[in-house]
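Engineer: Can you keep this structure in mind? I'll have questions shortly.
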Amino acid sequence: MIKSFLKWTVLSVLAVSLISCASTNIKNIDEQEGFVFYQDEANLWKQVDEFHAVMERSGFVYQDKELEEYVNSIADKMFGEILKKYNFDLRVYLIKDPIFNAGAYPNGVIYVNTSILATLENEAQLATILAHEGTHVIHRHALKTQNFLINKTAFYKFFDITMAGATGAVRGGVVGNSLSIARLIGGLGIAGAIYGYSRVLEEEADEYAYKFIVDAGYDPRESKKAYQNISTALEEEKIKAPYFYSTHPKIKQRVRNFEQYLKSYEKENKEAFQKVINEEVYMGKVKDLILENAELELKRNKLNSAIAQLKRYNRYFKNSPESYDLLGRIYVAKMEFKKHNKNKDKGGKTDDSLDHKQAAMDAFGQANQINPDYPHAYKHLGLLYYKKGERQKASGLFKKYMDLNPQAEDGEYIRGYIHESE
Amino acid sequence: MGSIYGGISMKVNKWIVICLLMVFFTGCATWKPIKEKNALWEFGDFRARLPVGWARTKTSGEILLLTRGGVYIEHISVSRTKTNKELPHSQKKITEDMLLREISQVVIDEISLNQNFKNFKLLENKPVDLGGVGAFRMVCVFHNEDFAKYKSVIYGFLYKKKYYEIHYQALEQHHFEKKLEAFDQFMDSFFFKLEDPESVGKK
Amino acid sequence: MKKIPILIFLIFFLIGCSTVNHRTNVRFRDYFKESKKIAIMPLDVKIFLLTAGDVNQYKDDWTREVKGLLLKTLQENLEGQKMIEPVIFDVSRLSISEKDTLDAQNGIFRAVSQGVIDHTYNSQTLIKDRKNNFDYTLGAEFSVVEKWSGAPTAFYISGRNYIWTFGRSAMYIFAMAVFGESVVYVVPPGNEYFMMALVDTPTGDIIWFNYIPMPGDLRDEKVMGKIVKKMLDDFSKGLEEKKGD
């Protein structure tokens, strides 16, 4: 009976695998005569168009037209000719999100999270990310991945059912790989953009990205640095997120790939290393974004990333009370984290030797020094004293805050603390 | 015709079958309608009067869930979570030594980082006294994935080492104002049996 | 003696078992005293392909086909309805901000209709009072739709199909052999439904609502014809019943 059951299972699996075998022989956009949809590609685009329409109105798109145009001009340098030739549109949008991620969708929309821009140092590094993502679009990786994953999930589903049947598992036990993959594909073309593609396709994206960067005149040494910066930031935070740019091994692989390309092309392309980096232009464009993203990093508890970004900001833009005030708040958060996570050594490098309270006070002090009429630093310093029980010191600072900002939204809290202190 | 037992069991069996069939066809509703005017909800040290004409249930996440026509239209909920538990979006924790203002900020961060709450906007955040316990009261608006606009009133407080939230949420169009009175009555009647004043949270 | 329990059972069954499937507002009784213009809102119909591995593939081509078939079937069936003058709501005439407002109204309708389905149709979550005193509304702000359409009534139609691939069907049979009746949890069907609703545009009140889960393959002209006819027959029956009250 077991033999016949197994025989039947194998035959069924084979049958279904054949039945659901969708084609994976798909040409890149720049390999066709003119742009023509493949079967199901139009459906994929429609679904992604709807997703994008929702994103545009969601409040998560970073609103800075000048910065958006600048980022798109970088993409245009690399892909402009292809896009014109094949009458295809590629558009980059910035998403307010402290998680490291960027994604290309099959309809030519590329999202880059603000955390990526805040971590990169110059235009050449951003070009690397855009080149990698743009290659996914032009090489139709979403469509190729969808068909591959449909076949894969069918196989896994049968395997799961067969194993559940063989072990006598109850209905709730059949979850396995098939369902988890299917859930990822649930949004189709969207899943690959967020979670990444297969190793082969990612390496293909790296290889072509390198060519696009060099052809566009960017210094290719910055390509490796782009991923190194992201890798360092991931190590600092030890954040666990399933997204492509938040998965440390995948980013490390990108660093290795670009190292390899640099070695291979070094001899033939020595002039490439004298080319464009555009650090100052880049930093000028992302100035406001870095501050706003650091605020998001604080919300998300990515404290080390936020500190690194603000320190870089302060090196470039010296006289910003907002920046020092935010830095102070982050040090306060680190102090609290250390207090409540004493036995945790998996929290990444929390620079345990640093006196976070003092660092916070110094940062607030710096903000007040730059602009004595900047109200928020007084409040945040006051809160630091208040929680430590130094109510009189706190009260004085709160009063200063309310004098400078009588319509404060949190006025009722602050007035309550003043009243308690007295 | 068999024994007395057999005779009685035949009669009982008929009625059991009829009752079971009635239950089957009329459905096993998990929502209990609130019909009495002063129906009281009691949970531990909390008491509150329930709004007439609404229906109540309990879920794994909420110790009380009330709605009139459907949770996507309006609902009042009371939830309880452990402190020191990492929240999914902000990865922050609500701890017992936090000021109310800090707790409210963690809640705001948690909601604003959740991409299911589109165009999130905080309208108000202030400290209040809730039956002798310090709480924050926050009002916010957001859109869902269909761009229907919702308005929420959230009360949050610490009590006996746990974090509690009382939440009123409704479609901003028509429903929020219409059902607000029912929520206000619920909150006006909300009280604690304060046996241990030391257990309340800081302001 | 045996007939009595059967009779009692039938009485209870029939009491809970209406001849029509719809829900109506108390205003329905007098609502169609005179013929009314109804604006057919943009159809909210989506057809998906559900694969062996549980992947949902949106099919835009099938969706367009079904929408075309639905409009044709509606036109055929509405011709006989004396109290209704259907007009198509033309979204293209709206400005971008008006389209955003319409989207929001449609979103509110979806939220309210979910309440109707959960608490007046679904036996597991039924609230009897909501079913018996049906008073669901979108609110008077919905009156913008009257301004744009010129119609005092909006007609919403919504449907979802999850068409199984051959592979999925084969898997279902295989899973049935392994799991028996629990197969629906292992190879679930997808949340299929077909719904119609009439909304009074000046007040936003849902006047009439009809809902069928698992309607069948909407791409099939016969299935579509049957569903639309059944729903609109309910509507006519409802009008007749109310006139008799």
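In the structure tokens, chains take letters A, B, ... by order of appearance, with residues numbered from 1 within each chain and ligands from 1 in the order shown.
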Residues of chain A within 8 Å of chain B, counting only C-alpha atoms - could you list those as a PyMOL selection string?
Structural biologist: chain A and resi 54+57-60+97+299-301+409-410+412-413
Engineer: Restrict the selected residues to N, CA and C atoms and save them as a short mmCIF file (atom, residue, chain, number, x, y, z; two decimals), in the first residue's frame.
Structural biologist:
data_model
loop_
_atom_site.label_atom_id
_atom_site.label_comp_id
_atom_site.auth_asym_id
_atom_site.auth_seq_id
_atom_site.Cartn_x
_atom_site.Cartn_y
_atom_site.Cartn_z
N VAL A 54 -1.48 53.51 -5.41
CA VAL A 54 -1.75 53.58 -3.96
C VAL A 54 -0.55 54.22 -3.23
N ARG A 57 -0.29 58.04 -3.29
CA ARG A 57 -1.23 58.80 -2.46
C ARG A 57 -1.14 58.44 -0.99
N SER A 58 -0.17 57.60 -0.66
CA SER A 58 -0.14 57.03 0.69
C SER A 58 0.52 57.93 1.72
N GLY A 59 1.23 58.96 1.25
CA GLY A 59 1.97 59.80 2.18
C GLY A 59 3.36 59.27 2.45
N PHE A 60 3.74 58.16 1.79
CA PHE A 60 5.06 57.58 2.04
C PHE A 60 6.09 58.00 0.99
N ASP A 97 11.31 55.77 4.44
CA ASP A 97 11.35 54.49 5.16
C ASP A 97 12.77 54.30 5.71
N LYS A 299 12.72 56.78 15.15
CA LYS A 299 11.39 56.14 15.34
C LYS A 299 11.53 54.62 15.28
N ARG A 300 12.38 54.16 14.38
CA ARG A 300 12.52 52.73 14.11
C ARG A 300 13.56 52.06 15.02
N ASN A 301 14.16 52.88 15.91
CA ASN A 301 15.16 52.36 16.85
C ASN A 301 16.46 51.95 16.17
N GLU A 409 2.66 72.01 20.91
CA GLU A 409 1.65 70.95 20.83
C GLU A 409 1.66 70.06 22.07
N ASP A 410 2.84 69.91 22.67
CA ASP A 410 2.94 69.09 23.88
C ASP A 410 2.92 69.96 25.13
N GLU A 412 0.67 70.82 27.21
CA GLU A 412 -0.04 70.33 28.40
C GLU A 412 0.84 69.39 29.21
N TYR A 413 1.61 68.55 28.52
CA TYR A 413 2.53 67.67 29.23
C TYR A 413 3.56 68.51 30.00
#
Engineer: Assign secondary structure with DSSP using the backbone only, and return the residues of stretch 23-181 of chain B in alpha helix (DSSP H) as a list in words.
Structural biologist: Val23, Phe24, Phe25, Thr26, Leu100, Arg101, Glu102, Ile103, Ser104, Gln105, Val106, Val107, Ile108, Asp109, Glu110, Ile111, Ser112, His175, Phe176, Glu177, Lys178, Lys179, Leu180 and Glu181 of chain B
Engineer: Excluding A:Gln369 and its own-chain neighbours fewer than 3 positions away, which residues fall within 12 Å of it when counting only C-alpha atoms? Please give them as a PyMOL selection string.
Structural biologist: chain A and resi 319-322+324-325+362-366+372-375+377-378
Engineer: Select residues of chain C: the criterion is any atom within 6 Å of an atom of chain B, counting only C-alpha atoms; output as a ChimeraX atom specification.
Structural biologist: /C:104,107-108,111-112,115,123-126,139
Engineer: Restrict the selected residues to N, CA and C atoms and save them as a short mmCIF file (atom, residue, chain, number, x, y, z; two decimals), in the first residue's frame.
Structural biologist:
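Done, and the output landed in again.cif:
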data_model
loop_
_atom_site.label_atom_id
_atom_site.label_comp_id
_atom_site.auth_asym_id
_atom_site.auth_seq_id
_atom_site.Cartn_x
_atom_site.Cartn_y
_atom_site.Cartn_z
N ALA C 104 -12.34 57.80 -2.48
CA ALA C 104 -12.58 57.77 -1.04
C ALA C 104 -14.01 57.30 -0.76
N GLY C 107 -14.14 53.72 -1.30
CA GLY C 107 -13.48 53.06 -0.16
C GLY C 107 -14.40 52.97 1.03
N ILE C 108 -15.17 54.03 1.27
CA ILE C 108 -16.12 54.03 2.38
C ILE C 108 -17.21 52.99 2.11
N ALA C 111 -15.91 49.59 2.99
CA ALA C 111 -15.84 49.39 4.44
C ALA C 111 -17.24 49.10 5.00
N VAL C 112 -18.22 49.88 4.55
CA VAL C 112 -19.59 49.70 5.06
C VAL C 112 -20.16 48.37 4.56
N GLY C 115 -19.21 45.47 6.59
CA GLY C 115 -20.05 45.37 7.79
C GLY C 115 -21.36 44.67 7.48
N SER C 123 -23.35 33.83 9.08
CA SER C 123 -24.03 33.30 10.26
C SER C 123 -23.11 33.26 11.48
N GLN C 124 -21.80 33.18 11.26
CA GLN C 124 -20.87 33.11 12.40
C GLN C 124 -20.75 34.45 13.11
N THR C 125 -21.01 35.53 12.41
CA THR C 125 -20.82 36.87 13.01
C THR C 125 -22.09 37.71 12.91
N LEU C 126 -23.22 37.04 12.81
CA LEU C 126 -24.49 37.74 12.61
C LEU C 126 -24.86 38.60 13.81
N GLY C 139 -23.31 58.12 4.70
CA GLY C 139 -23.37 59.50 5.16
C GLY C 139 -23.71 60.47 4.04
#
Engineer: So that I can check the surroundings of A:Ala333, please list as number ranges by chain every protein, DNA and RNA residue that reaches within 9 Å of it, counting only C-alpha atoms and ignoring chain neighbours fewer than 6 positions away.
Structural biologist: A: 298, 301, 303, 356
Engineer: Using only C-alpha atoms, determine which residues lie at most 10 Å from stretch 65-68 of chain C, disregarding the query and same-chain residues fewer than 5 positions distant; provide the list as a PDB file with C-alpha atoms, in the first residue's frame.
Structural biologist:
ATOM      1  CA  PRO C  42     -17.365  51.826 -12.082  1.00  0.00           C
ATOM      2  CA  LEU C  43     -17.476  48.049 -11.796  1.00  0.00           C
ATOM      3  CA  ASP C  44     -15.335  46.648  -9.003  1.00  0.00           C
ATOM      4  CA  VAL C  45     -14.672  43.261 -10.518  1.00  0.00           C
ATOM      5  CA  LYS C  46     -11.380  41.376 -10.415  1.00  0.00           C
ATOM      6  CA  ILE C  47     -10.515  37.970 -11.760  1.00  0.00           C
ATOM      7  CA  ASP C  60      -6.461  42.032 -16.459  1.00  0.00           C
ATOM      8  CA  THR C  73     -26.025  41.252 -18.999  1.00  0.00           C
ATOM      9  CA  LEU C  74     -27.083  44.178 -16.830  1.00  0.00           C
ATOM     10  CA  GLY C 159     -17.227  40.615  -7.723  1.00  0.00           C
ATOM     11  CA  ASP C 217     -17.121  31.375 -12.994  1.00  0.00           C
ATOM     12  CA  LEU C 218     -18.151  34.895 -13.979  1.00  0.00           C
ATOM     13  CA  ARG C 219     -16.497  34.508 -17.364  1.00  0.00           C
ATOM     14  CA  ASP C 220     -19.226  32.045 -18.257  1.00  0.00           C
ATOM     15  CA  GLU C 221     -22.139  33.844 -19.921  1.00  0.00           C
ATOM     16  CA  MET C 224     -23.256  35.570 -15.249  1.00  0.00           C
TER      17      MET C 224
END
Engineer: Which residues of chain C have any atom within 7 Å of an atom in chain A when counting only C-alpha atoms, and what is the closest pair of atoms for each, with the distance in Å to one decimal? Order the rows by chain and rising number and write it as a Markdown table.
Structural biologist:
| residue | atom | partner | partner_atom | distance |
| --- | --- | --- | --- | --- |
| C:Ala52 | CA | A:Ala154 | CA | 4.9 |
| C:Gly53 | CA | A:Ala154 | CA | 4.0 |
| C:Asp54 | CA | A:Ala182 | CA | 5.5 |
| C:Val55 | CA | A:Ala182 | CA | 5.0 |
| C:Asn56 | CA | A:Gly186 | CA | 5.6 |
| C:Tyr58 | CA | A:Asn43 | CA | 6.2 |
| C:Lys59 | CA | A:Asn43 | CA | 5.4 |
| C:Asp60 | CA | A:Asn43 | CA | 5.2 |
| C:Gly167 | CA | A:Val16 | CA | 5.3 |
| C:Ala175 | CA | A:Ile161 | CA | 6.6 |
| C:Val178 | CA | A:Gly165 | CA | 5.4 |
| C:Ser182 | CA | A:Arg171 | CA | 6.2 |
| C:Tyr185 | CA | A:Arg171 | CA | 6.5 |
| C:Val186 | CA | A:Arg171 | CA | 6.4 |
Engineer: I'd like the interatomic distance between atom CA of A:Lys144 and atom CA of A:Asn25, to a tenth of an Å.
Structural biologist: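 Distance between the two atoms: 7.9 Å.
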Engineer: Quick one: which stretch 44-116 of chain C residues come within 9 Å of stretch 144-154 of chain C, and what is the nearest atom pair for each with the distance in Å to one decimal, counting only C-alpha atoms, rows ordered by chain and ascending number, as a Markdown table?
Structural biologist:
| residue | atom | partner | partner_atom | distance |
| --- | --- | --- | --- | --- |
| C:Val87 | CA | C:Ala151 | CA | 8.2 |
| C:Ile88 | CA | C:Ser149 | CA | 8.5 |
| C:Phe89 | CA | C:Ser149 | CA | 6.0 |
| C:Asp90 | CA | C:Ser149 | CA | 7.6 |
| C:Val91 | CA | C:Trp148 | CA | 9.0 |
| C:Arg93 | CA | C:Trp148 | CA | 8.7 |
| C:Leu94 | CA | C:Trp148 | CA | 7.9 |
| C:Thr101 | CA | C:Val144 | CA | 8.7 |
| C:Leu102 | CA | C:Val145 | CA | 7.6 |
| C:Gln105 | CA | C:Val145 | CA | 8.6 |
Engineer: I'd like the neighbourhood of C:Tyr156 as a list in words, where a residue qualifies if any of its atoms comes within 7 Å (using only C-alpha atoms), though same-chain residues fewer than 6 positions away should be ignored.
Structural biologist: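 That gives Ile40, Met41, Met196, Ala197 and Leu198 of chain C.
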Engineer: Residues within 9 Å of B:Ile94, please, as a PyMOL selection string. Count only C-alpha atoms; anything in the same chain fewer than 6 positions from it doesn't count.
Structural biologist: chain B and resi 82-87+102-103+106-107+163
